[in-house]
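This is input33.csv. It holds CSV, C-alpha atoms.
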```csv
chain,number,residue,atom,x,y,z
A,1,MET,CA,94.8,73.8,137.4
A,2,THR,CA,96.4,75.4,134.3
A,3,PRO,CA,96.0,79.2,134.4
A,4,LYS,CA,93.6,80.6,131.8
A,5,LYS,CA,95.1,82.3,128.8
A,6,ARG,CA,94.4,86.0,128.7
A,7,ILE,CA,93.0,87.3,125.4
A,8,ALA,CA,92.7,91.0,124.4
A,9,ILE,CA,89.7,91.6,122.2
A,10,ILE,CA,89.7,94.6,119.9
A,11,PRO,CA,86.5,94.5,117.7
A,12,GLY,CA,87.5,97.6,115.7
A,13,ASP,CA,85.3,99.2,113.0
A,14,GLY,CA,82.6,98.3,110.5
A,15,ILE,CA,81.7,94.6,110.5
A,16,GLY,CA,84.5,93.9,113.0
A,17,PRO,CA,82.4,94.1,116.2
A,18,GLU,CA,79.7,91.8,114.6
A,19,VAL,CA,82.0,89.0,113.5
A,20,ILE,CA,84.3,89.2,116.5
A,21,CYS,CA,81.2,88.9,118.7
A,22,GLU,CA,80.4,85.6,117.0
A,23,ALA,CA,84.0,84.4,117.3
A,24,VAL,CA,84.0,85.0,121.0
A,25,LYS,CA,80.7,83.3,121.3
A,26,VAL,CA,82.2,80.2,119.7
A,27,ILE,CA,85.3,80.3,121.9
A,28,GLN,CA,83.0,80.3,124.9
A,29,ALA,CA,81.0,77.4,123.5
A,30,ALA,CA,84.2,75.4,123.0
A,31,ARG,CA,84.9,75.9,126.7
A,32,ALA,CA,88.4,77.1,125.9
A,33,PRO,CA,90.3,78.0,129.1
A,34,VAL,CA,90.6,81.7,128.4
A,35,GLU,CA,89.5,85.0,129.9
A,36,THR,CA,88.9,87.9,127.6
A,37,THR,CA,89.1,91.7,128.0
A,38,GLN,CA,87.7,94.0,125.4
A,39,PHE,CA,89.2,97.3,124.2
A,40,ASP,CA,87.4,100.1,122.4
A,41,TRP,CA,90.3,101.1,120.0
A,42,SER,CA,88.4,102.1,116.9
A,43,ALA,CA,87.3,105.0,114.8
A,44,THR,CA,84.5,105.8,117.2
A,45,ARG,CA,87.1,106.1,120.1
A,46,TYR,CA,89.3,108.2,117.9
A,47,LEU,CA,86.5,110.6,116.9
A,48,ALA,CA,85.5,110.9,120.5
A,49,ASP,CA,88.8,111.8,122.1
A,50,GLY,CA,91.5,111.8,119.5
A,51,VAL,CA,93.2,108.7,120.9
A,52,THR,CA,94.2,105.9,118.5
A,53,VAL,CA,96.3,103.8,121.0
A,54,PRO,CA,96.9,104.8,124.6
A,55,ALA,CA,100.4,105.8,125.5
A,56,ASP,CA,101.3,102.4,127.0
A,57,GLY,CA,98.9,100.4,124.9
A,58,PHE,CA,101.2,98.1,123.1
A,59,ALA,CA,103.4,97.6,126.1
A,60,MET,CA,100.3,96.7,128.1
A,61,LEU,CA,99.2,94.1,125.5
A,62,ALA,CA,102.6,92.5,125.4
A,63,ARG,CA,102.9,92.4,129.2
A,64,ASP,CA,99.3,91.4,130.3
A,65,PHE,CA,98.0,89.2,127.5
A,66,ASP,CA,98.8,85.9,125.8
A,67,ALA,CA,97.2,86.8,122.5
A,68,ILE,CA,95.1,89.5,120.7
A,69,LEU,CA,92.0,88.9,118.6
A,70,LEU,CA,91.5,91.9,116.3
A,71,GLY,CA,88.4,92.6,114.2
A,72,ALA,CA,88.9,95.0,111.3
A,73,LEU,CA,89.9,98.7,111.1
A,74,GLY,CA,88.8,101.4,108.6
A,75,ASP,CA,86.0,103.9,108.7
A,76,PRO,CA,84.9,106.5,106.2
A,77,ARG,CA,84.4,109.0,109.0
A,78,VAL,CA,88.3,109.0,109.3
A,79,PRO,CA,89.3,109.5,105.7
A,80,THR,CA,93.0,109.5,106.5
A,81,ASN,CA,92.6,106.1,108.3
A,82,ILE,CA,95.2,107.3,110.8
A,83,HIS,CA,93.6,105.3,113.6
A,84,ALA,CA,93.8,102.1,111.5
A,85,LYS,CA,97.4,102.7,110.6
A,86,GLU,CA,98.5,103.5,114.2
A,87,ILE,CA,96.6,100.5,115.7
A,88,LEU,CA,97.2,97.8,113.1
A,89,LEU,CA,100.6,98.7,111.6
A,90,GLY,CA,101.7,100.1,115.0
A,91,MET,CA,100.9,96.7,116.6
A,92,ARG,CA,102.8,94.8,114.0
A,93,PHE,CA,105.8,97.0,114.1
A,94,THR,CA,106.0,97.9,117.8
A,95,MET,CA,105.3,94.4,119.0
A,96,ASP,CA,107.6,93.0,116.3
A,97,LEU,CA,105.0,90.6,114.9
A,98,TYR,CA,107.3,89.6,112.0
A,99,ALA,CA,105.6,86.5,110.6
A,100,ASN,CA,102.1,86.9,109.0
A,101,LEU,CA,100.7,83.4,108.7
A,102,ARG,CA,97.9,82.9,106.2
A,103,PRO,CA,96.6,79.3,105.9
A,104,VAL,CA,94.9,78.6,102.5
A,105,ARG,CA,92.6,75.6,102.9
A,106,LEU,CA,89.5,74.7,100.9
A,107,LEU,CA,86.8,73.3,103.2
A,108,ASP,CA,84.3,72.3,100.5
A,109,ALA,CA,84.5,72.1,96.7
A,110,SER,CA,81.4,74.4,96.4
A,111,LEU,CA,83.5,77.3,97.7
A,112,CYS,CA,86.2,77.2,95.0
A,113,PRO,CA,85.8,78.8,91.5
A,114,LEU,CA,88.3,76.3,90.0
A,115,LYS,CA,86.8,73.5,88.0
A,116,ALA,CA,86.9,69.9,89.3
A,117,ILE,CA,89.0,70.7,92.4
A,118,GLU,CA,88.9,68.6,95.5
A,119,PRO,CA,89.3,70.2,99.0
A,120,LYS,CA,92.5,68.2,99.6
A,121,ALA,CA,94.1,69.9,96.6
A,122,ILE,CA,94.2,73.3,98.3
A,123,ASP,CA,96.1,73.2,101.6
A,124,PHE,CA,99.1,75.5,101.7
A,125,VAL,CA,100.3,78.3,103.9
A,126,VAL,CA,101.8,81.7,103.0
A,127,VAL,CA,104.3,83.2,105.4
A,128,ARG,CA,104.5,86.9,104.8
A,129,GLU,CA,107.3,89.2,106.2
A,130,ASN,CA,105.2,91.6,108.3
A,131,THR,CA,107.5,94.4,109.7
A,132,GLU,CA,109.6,95.6,106.7
A,133,GLY,CA,109.3,96.1,103.0
A,134,ALA,CA,107.3,98.9,101.3
A,135,TYR,CA,104.8,99.1,104.2
A,136,VAL,CA,107.2,100.8,106.7
A,137,ASP,CA,106.2,104.0,104.8
A,138,ALA,CA,109.7,105.2,104.2
A,139,GLY,CA,110.1,107.8,101.5
A,140,GLY,CA,108.3,111.0,100.8
A,141,VAL,CA,106.7,113.4,98.3
A,142,PHE,CA,108.5,116.4,96.8
A,143,LYS,CA,106.8,119.3,95.0
A,144,ARG,CA,103.3,117.9,95.8
A,145,GLY,CA,100.5,118.9,93.5
A,146,THR,CA,102.8,120.3,90.8
A,147,PRO,CA,103.7,118.9,87.3
A,148,ASP,CA,107.1,118.1,88.8
A,149,GLU,CA,105.8,116.1,91.7
A,150,ILE,CA,108.0,113.2,92.9
A,151,ALA,CA,106.8,110.3,95.1
A,152,VAL,CA,109.3,107.9,96.6
A,153,GLN,CA,108.3,104.7,98.4
A,154,GLU,CA,111.2,102.8,99.7
A,155,ASP,CA,111.3,99.0,100.1
A,156,ILE,CA,113.3,98.2,103.3
A,157,ASN,CA,114.8,94.8,103.8
A,158,THR,CA,117.2,93.8,106.5
A,159,ARG,CA,119.3,90.7,106.7
A,160,LYS,CA,117.8,90.0,110.2
A,161,GLY,CA,114.3,90.5,109.0
A,162,VAL,CA,114.6,88.3,105.9
A,163,GLU,CA,116.5,85.6,107.7
A,164,ARG,CA,114.1,85.2,110.6
A,165,VAL,CA,111.0,85.0,108.4
A,166,ILE,CA,112.6,82.5,106.1
A,167,ARG,CA,113.7,80.4,109.0
A,168,TYR,CA,110.2,80.6,110.4
A,169,ALA,CA,108.8,79.3,107.1
A,170,PHE,CA,111.2,76.3,107.2
A,171,GLU,CA,110.4,75.6,110.9
A,172,TYR,CA,106.6,75.8,110.2
A,173,CYS,CA,107.0,73.4,107.2
A,174,GLU,CA,109.0,70.9,109.4
A,175,ARG,CA,106.5,71.0,112.4
A,176,HIS,CA,103.1,71.3,110.8
A,177,LYS,CA,101.4,68.7,108.7
A,178,LYS,CA,98.6,69.1,106.2
A,179,GLN,CA,95.0,68.6,107.2
A,180,ASN,CA,95.0,65.0,105.9
A,181,GLY,CA,98.0,64.2,108.1
A,182,SER,CA,100.7,64.1,105.3
A,183,ALA,CA,103.9,66.0,105.8
A,184,ARG,CA,104.7,69.3,104.2
A,185,LYS,CA,107.8,68.9,102.0
A,186,SER,CA,108.7,72.2,100.4
A,187,VAL,CA,109.2,75.9,101.0
A,188,LEU,CA,108.9,78.2,98.1
A,189,MET,CA,110.4,81.7,98.2
A,190,CYS,CA,108.7,84.2,96.0
A,191,ASP,CA,110.3,87.5,94.9
A,192,LYS,CA,110.9,89.6,91.8
A,193,SER,CA,114.7,89.4,91.9
A,194,ASN,CA,115.0,89.6,88.1
A,195,ALA,CA,113.8,93.3,88.3
A,196,MET,CA,114.3,94.2,92.0
A,197,THR,CA,117.9,93.1,92.1
A,198,HIS,CA,119.0,94.6,95.4
A,199,ALA,CA,116.2,93.4,97.7
A,200,GLY,CA,115.8,90.3,95.6
A,201,GLY,CA,119.5,89.5,95.8
A,202,LEU,CA,119.3,89.6,99.6
A,203,TRP,CA,116.3,87.3,99.7
A,204,GLN,CA,118.0,84.9,97.3
A,205,ARG,CA,121.2,84.6,99.2
A,206,VAL,CA,119.6,84.2,102.6
A,207,PHE,CA,117.1,81.6,101.3
A,208,LYS,CA,119.9,79.5,99.9
A,209,GLU,CA,121.9,79.7,103.1
A,210,VAL,CA,118.9,78.9,105.4
A,211,SER,CA,117.6,76.1,103.2
A,212,ARG,CA,120.9,74.1,103.7
A,213,GLU,CA,120.0,73.7,107.4
A,214,TYR,CA,116.8,71.8,106.4
A,215,PRO,CA,118.0,69.1,103.9
A,216,GLN,CA,114.7,67.2,104.3
A,217,ILE,CA,112.7,70.1,102.9
A,218,THR,CA,112.8,71.0,99.2
A,219,PRO,CA,113.6,74.7,98.5
A,220,GLN,CA,111.9,76.2,95.6
A,221,HIS,CA,111.7,79.6,93.9
A,222,MET,CA,109.2,81.5,91.7
A,223,TYR,CA,108.9,85.1,90.6
A,224,VAL,CA,105.8,86.7,92.0
A,225,ASP,CA,104.0,87.1,88.6
A,226,ALA,CA,104.6,83.4,87.8
A,227,LEU,CA,103.5,82.4,91.2
A,228,CYS,CA,100.2,84.2,90.9
A,229,THR,CA,99.6,82.3,87.7
A,230,GLN,CA,100.4,79.0,89.3
A,231,VAL,CA,98.2,79.7,92.4
A,232,VAL,CA,95.2,79.8,90.1
A,233,ARG,CA,96.4,77.2,87.6
A,234,ASP,CA,97.5,74.4,90.0
A,235,PRO,CA,97.4,75.2,93.7
A,236,ARG,CA,98.1,71.5,94.5
A,237,GLN,CA,101.9,72.1,94.1
A,238,PHE,CA,102.3,74.3,97.1
A,239,ASP,CA,103.1,73.6,100.8
A,240,VAL,CA,104.7,76.7,102.3
A,241,ILE,CA,105.3,80.0,100.5
A,242,VAL,CA,107.5,82.7,102.0
A,243,THR,CA,107.7,86.2,100.7
A,244,ASN,CA,108.0,89.9,101.5
A,245,ASN,CA,105.4,92.2,102.9
A,246,MET,CA,103.8,93.6,99.7
A,247,PHE,CA,103.9,90.4,97.6
A,248,GLY,CA,102.5,88.4,100.6
A,249,ASP,CA,99.6,90.8,100.9
A,250,ILE,CA,98.7,90.4,97.2
A,251,ILE,CA,99.2,86.6,97.0
A,252,THR,CA,97.1,85.9,100.1
A,253,ASP,CA,94.1,87.9,98.9
A,254,LEU,CA,94.4,86.0,95.5
A,255,ALA,CA,94.6,82.7,97.4
A,256,ALA,CA,91.6,83.6,99.5
A,257,GLY,CA,89.5,83.4,96.3
A,258,LEU,CA,90.3,79.7,96.2
A,259,GLN,CA,88.8,79.1,99.6
A,260,GLY,CA,85.5,81.0,99.4
A,261,GLY,CA,86.7,84.6,99.5
A,262,LEU,CA,88.1,87.0,102.1
A,263,GLY,CA,85.2,86.2,104.4
A,264,MET,CA,86.7,82.7,105.0
A,265,ALA,CA,90.3,83.8,105.4
A,266,ALA,CA,92.1,83.7,108.8
A,267,SER,CA,95.5,85.0,109.7
A,268,GLY,CA,98.0,85.3,112.6
A,269,ASN,CA,100.6,87.9,113.2
A,270,ILE,CA,103.3,86.0,115.0
A,271,HIS,CA,106.4,86.5,117.1
A,272,PRO,CA,107.3,83.1,118.4
A,273,GLY,CA,107.3,83.0,122.2
A,274,LYS,CA,105.7,86.4,122.6
A,275,THR,CA,102.2,87.9,122.5
A,276,SER,CA,100.8,87.5,119.0
A,277,MET,CA,97.8,89.0,117.2
A,278,PHE,CA,95.1,87.2,115.2
A,279,GLU,CA,92.7,88.8,112.7
A,280,PRO,CA,90.3,87.9,110.0
A,281,VAL,CA,91.4,89.6,106.8
A,282,HIS,CA,88.2,90.7,105.2
A,283,GLY,CA,88.4,94.3,106.2
A,284,SER,CA,85.9,96.5,107.9
A,285,ALA,CA,83.4,96.6,104.9
A,286,PRO,CA,81.5,99.7,106.2
A,287,PRO,CA,78.6,99.3,103.7
A,288,LEU,CA,77.8,95.9,105.3
A,289,ALA,CA,78.1,97.1,108.9
A,290,GLY,CA,75.0,96.7,111.1
A,291,LYS,CA,73.0,94.7,108.5
A,292,ASN,CA,73.6,91.2,109.9
A,293,VAL,CA,75.0,90.0,106.6
A,294,ALA,CA,78.8,89.7,107.1
A,295,ASN,CA,80.3,86.3,107.1
A,296,PRO,CA,81.6,85.4,110.6
A,297,LEU,CA,83.4,82.2,109.6
A,298,GLY,CA,86.8,83.9,108.9
A,299,ALA,CA,86.7,85.4,112.4
A,300,ILE,CA,85.7,82.1,113.9
A,301,LEU,CA,88.5,80.3,112.0
A,302,THR,CA,90.9,83.0,113.2
A,303,ALA,CA,89.8,82.3,116.8
A,304,ALA,CA,90.5,78.6,116.2
A,305,MET,CA,93.9,79.4,114.8
A,306,MET,CA,94.6,81.5,117.9
A,307,LEU,CA,93.6,78.7,120.3
A,308,ALA,CA,95.8,76.2,118.5
A,309,HIS,CA,98.7,78.7,118.8
A,310,LEU,CA,98.0,78.9,122.5
A,311,GLY,CA,98.2,75.1,122.9
A,312,MET,CA,94.4,74.4,122.8
A,313,SER,CA,94.4,72.1,119.8
A,314,PRO,CA,91.3,70.0,120.9
A,315,GLU,CA,89.2,73.2,121.2
A,316,ALA,CA,90.5,74.5,117.9
A,317,GLU,CA,89.8,71.2,116.1
A,318,ARG,CA,86.2,71.2,117.4
A,319,ILE,CA,85.7,74.7,116.1
A,320,GLU,CA,87.1,73.9,112.7
A,321,ALA,CA,85.0,70.8,112.4
A,322,ALA,CA,81.9,72.8,113.2
A,323,VAL,CA,82.7,75.4,110.6
A,324,LEU,CA,83.2,72.6,108.0
A,325,GLU,CA,79.8,71.2,108.9
A,326,ALA,CA,78.2,74.6,108.6
A,327,VAL,CA,79.6,75.0,105.1
A,328,ARG,CA,78.5,71.5,104.1
A,329,GLN,CA,75.0,72.1,105.4
A,330,LYS,CA,74.9,75.7,104.1
A,331,LYS,CA,74.3,77.1,107.5
A,332,THR,CA,76.2,80.1,106.4
A,333,THR,CA,75.7,83.7,105.1
A,334,HIS,CA,74.7,84.4,101.6
A,335,ASP,CA,78.2,85.1,100.2
A,336,ILE,CA,79.0,81.4,100.4
A,337,GLY,CA,75.7,79.9,99.5
A,338,GLY,CA,73.7,80.0,102.8
A,339,SER,CA,70.7,82.0,103.9
A,340,LEU,CA,71.6,82.9,107.5
A,341,GLY,CA,72.6,86.2,109.0
A,342,THR,CA,75.8,86.9,110.8
A,343,ARG,CA,74.4,86.2,114.2
A,344,GLU,CA,72.5,83.1,113.1
A,345,ALA,CA,75.5,81.6,111.4
A,346,GLY,CA,77.6,82.2,114.5
A,347,GLU,CA,75.0,80.7,116.7
A,348,TRP,CA,74.8,77.6,114.5
A,349,VAL,CA,78.5,77.0,114.8
A,350,ALA,CA,78.5,77.7,118.6
A,351,LYS,CA,75.7,75.1,119.1
A,352,SER,CA,77.5,72.6,116.9
A,353,VAL,CA,80.7,73.0,119.0
A,354,THR,CA,78.7,72.6,122.2
A,355,ASN,CA,77.1,69.4,120.9
```

Translate this structure into structure tokens?
Amino acid sequence: MTPKKRIAIIPGDGIGPEVICEAVKVIQAARAPVETTQFDWSATRYLADGVTVPADGFAMLARDFDAILLGALGDPRVPTNIHAKEILLGMRFTMDLYANLRPVRLLDASLCPLKAIEPKAIDFVVVRENTEGAYVDAGGVFKRGTPDEIAVQEDINTRKGVERVIRYAFEYCERHKKQNGSARKSVLMCDKSNAMTHAGGLWQRVFKEVSREYPQITPQHMYVDALCTQVVRDPRQFDVIVTNNMFGDIITDLAAGLQGGLGMAASGNIHPGKTSMFEPVHGSAPPLAGKNVANPLGAILTAAMMLAHLGMSPEAERIEAAVLEAVRQKKTTHDIGGSLGTREAGEWVAKSVTN
């Protein structure tokens, strides 16, 4: 028998525990060959004992688990959000999860604010560099609180980091088809090299060099401001988009609006061949916590994405089909047109997967 894959579950803060509970329920309903272990890394744990991540936490995850399913982090009881930063960004940086993968796929036309758009028209992927850029928090503040205050936030880009994420985007384009079975044909690199000439120049040079290794894939380029316009104007033109950490963060939240909002958005934080982490991207939403109103479908789709990454495509496909049917029948939460609570929506998907 094939050994079960080991999944670390970190529910986190706010609505995280609620939606992750439903995602785990659906994984179990799909009879995926996994075993799960839950960790209490969260604001509550931090407030209780001052620990964000145990001393060997990330090494333990990398050593003992095949994947991580993370809920959401952020709690007003910790105004500095130090626990969220040390857990989430610490995991990305320490475990070198360099490719943030965000699929943008419209399940049903009713979820999209664009006029006369068919689901097949929105099916692209954003690959965001995940360990460099402005988010490494390099820089500082001088003369804080005075009229002469200076704040510096440095954007760090290395040749290694840029090349590997661009190569990942081309590899993804080559190996993954669209939902309708058609091949992906283009990789578009997004930057702001007309203004940010140093970092942009590096991205431009590396993109041109790597693209030559994939002659069957069309390389494209857009500045980030133009890309944001085109994502709204005509999303049909995109297959795979690759960009830096900050631009990727912004573009993917914009794109989530095309597929029903952040409550429908899944993501993976990937290092090929190593333990990777998967998280819905809606945030912890503290005002919604404990009210049974949060949309669990993003977490459930994230779980399906994780299973597919682990080689469990049949289970992942059954889950995705059940989510699609839930959307079509409006067996969902209020934010996407249904009338169910978090638990009830999760249970409906779980039963659909079982049947």

| query | Counting all atoms listed in the file, which of A:Pro215, A:Asn81, A:Trp348, A:Val231 gets nearest to Gln259 in chain A? | reply |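 Residue with the minimum atom-to-atom distance to Gln259 in chain A: A:Val231.
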
| Residue neighbourhood Glu22 in chain A, 8 Å, all atoms listed in the file, exclusion window fewer than 3 positions, as number ranges by chain | A: 18-19, 25-26, 296, 299-300, 342-343, 346-347

| Selected residue, from A:Val349, A:Ala289, A:Leu88, A:Val34, that lies nearest to Ile10 in chain A when counting all atoms listed in the file |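 Closest candidate: A:Leu88.
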
Could the residues of range 118-210 of chain A that have an atom at most 12 Å from range 224-227 of chain A be listed as a tab-separated table, each with its closest atom pair and the distance in Å to one decimal, counting all atoms listed in the file and ordered by chain and ascending residue number?
```
residue	atom	partner	partner_atom	distance
A:Val126	CA	A:Leu227	CA	11.9
A:Leu188	CA	A:Leu227	CA	9.7
A:Met189	CA	A:Val224	CA	9.2
A:Cys190	CA	A:Val224	CA	5.5
A:Asp191	CA	A:Val224	CA	5.4
A:Lys192	CA	A:Val224	CA	5.9
A:Ser193	CA	A:Val224	CA	9.3
A:Asn194	CA	A:Val224	CA	10.4
A:Ala195	CA	A:Val224	CA	11.0
A:Met196	CA	A:Val224	CA	11.3
A:Gly200	CA	A:Val224	CA	11.2
```

Taking C-alpha atoms for each residue, export the selection above as a PDB file, keeping the file's coordinate frame.
```
ATOM      1  CA  VAL A 126     101.800  81.700 103.000  1.00  0.00           C
ATOM      2  CA  LEU A 188     108.900  78.200  98.100  1.00  0.00           C
ATOM      3  CA  MET A 189     110.400  81.700  98.200  1.00  0.00           C
ATOM      4  CA  CYS A 190     108.700  84.200  96.000  1.00  0.00           C
ATOM      5  CA  ASP A 191     110.300  87.500  94.900  1.00  0.00           C
ATOM      6  CA  LYS A 192     110.900  89.600  91.800  1.00  0.00           C
ATOM      7  CA  SER A 193     114.700  89.400  91.900  1.00  0.00           C
ATOM      8  CA  ASN A 194     115.000  89.600  88.100  1.00  0.00           C
ATOM      9  CA  ALA A 195     113.800  93.300  88.300  1.00  0.00           C
ATOM     10  CA  MET A 196     114.300  94.200  92.000  1.00  0.00           C
ATOM     11  CA  GLY A 200     115.800  90.300  95.600  1.00  0.00           C
TER      12      GLY A 200
END
```

| note | If you count only C-alpha atoms, the residue of A:Gly161, A:Val240, A:Gly338, A:Pro286 closest to Arg175 in chain A turns out to be A:Val240

| query | Which residue out of A:Ile7, A:Leu61, A:Val165, A:Ala308 has the minimum interatomic distance to Tyr98 in chain A when only C-alpha atoms are used? | reply |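 Counting only C-alpha atoms, the residue closest to Tyr98 in chain A is A:Val165.
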
| said: Please report the interatomic distance between CA of Gly268 in chain A and CA of Ala350 in chain A in Å with one decimal. | reply: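 One can read the CA of Gly268 in chain A to CA of Ala350 in chain A distance as 21.8 Å.
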
Excluding Pro3 in chain A and any residue of its chain fewer than 5 positions from it, enumerate the residues within 12 Å of it, using only C-alpha atoms, and give them as a PDB file with C-alpha atoms, in the coordinates of the input.
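File produced: result_15.pdb:
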```
ATOM      1  CA  ALA A  32      88.400  77.100 125.900  1.00  0.00           C
ATOM      2  CA  PRO A  33      90.300  78.000 129.100  1.00  0.00           C
ATOM      3  CA  VAL A  34      90.600  81.700 128.400  1.00  0.00           C
ATOM      4  CA  GLU A  35      89.500  85.000 129.900  1.00  0.00           C
ATOM      5  CA  ASP A  66      98.800  85.900 125.800  1.00  0.00           C
TER       6      ASP A  66
END
```

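A straight line drawn from CA of Gly290 in chain A to CA of Arg31 in chain A is 27.8 Å long.
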
| task | Write out as a PyMOL selection string which residues come within 9 Å of range 69-75 of chain A when counting only C-alpha atoms, dropping same-chain ones fewer than 5 positions away. | result | chain A and resi 7-20+42-44+81-85+87-88+276-286+299+302-303+306

Write out as CSV a residue-level contact list of range 169-253 of chain A versus range 108-125 of chain A with cut-off 10 Å: for each qualifying residue the closest pair of atoms and the distance in Å to one decimal, counting all atoms listed in the file, rows sorted by chain and residue number upward.
```
residue,atom,partner,partner_atom,distance
A:Ala169,CA,A:Val125,CA,9.1
A:Tyr172,CA,A:Val125,CA,9.3
A:Cys173,CA,A:Val125,CA,8.9
A:Lys177,CA,A:Asp123,CA,9.9
A:Lys178,CA,A:Asp123,CA,6.6
A:Gln179,CA,A:Asp123,CA,7.3
A:Asn180,CA,A:Lys120,CA,7.5
A:Arg184,CA,A:Phe124,CA,8.7
A:Val187,CA,A:Val125,CA,9.7
A:Val231,CA,A:Ile122,CA,9.6
A:Val232,CA,A:Leu114,CA,7.7
A:Arg233,CA,A:Leu114,CA,8.5
A:Asp234,CA,A:Ala121,CA,8.7
A:Pro235,CA,A:Ile122,CA,5.9
A:Arg236,CA,A:Ala121,CA,4.8
A:Gln237,CA,A:Ala121,CA,8.5
A:Phe238,CA,A:Phe124,CA,5.7
A:Asp239,CA,A:Phe124,CA,4.5
A:Val240,CA,A:Val125,CA,4.9
A:Ile241,CA,A:Val125,CA,6.3
A:Val242,CA,A:Val125,CA,8.6
A:Thr252,CA,A:Val125,CA,9.1
```

| task | With a distance cut-off of 10 Å and only C-alpha atoms, select the neighbouring residues of Asn130 in chain A, excluding the residue or stretch itself and same-chain residues fewer than 4 positions from it, and output the selection as a list in words. | result |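 With the cut-off at 10 Å, the set is Leu89, Arg92, Phe93, Asp96, Leu97, Tyr98, Ala99, Asn100, Leu101, Tyr135, Val136, Gly161, Val165, Thr243, Asn244, Asn245, Met246, Gly248, Asp249, Asn269 and Ile270 of chain A.
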
| What gap, in Å, lies between CA of Phe58 in chain A and CA of Met91 in chain A? |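 Calculated distance between CA of Phe58 in chain A and CA of Met91 in chain A is 6.7 Å.
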
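Residue nearest Pro103 in chain A within the list A:Asn157, A:Phe65, A:Leu258, A:Asp335: A:Leu258 [criterion: smallest interatomic distance, all atoms listed in the file].
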
| query | For Glu163 in chain A, which of A:Pro147, A:Gly181, A:Ser186, A:Val210 is the closest residue, counting all atoms listed in the file? | reply | A:Val210

| Test item: residues at most 7 Å from range 318-333 of chain A, all atoms listed in the file, excluding those fewer than 4 positions along its chain, as a list in words |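 Here the qualifying residues turn out to be Leu107, Asp108, Val293, Asn295, Leu297, Leu301, Ala304, Pro314, Gly337, Gly338, Ser339, Leu340, Gly341, Thr342, Ala345, Val349, Ser352 and Val353 of chain A.
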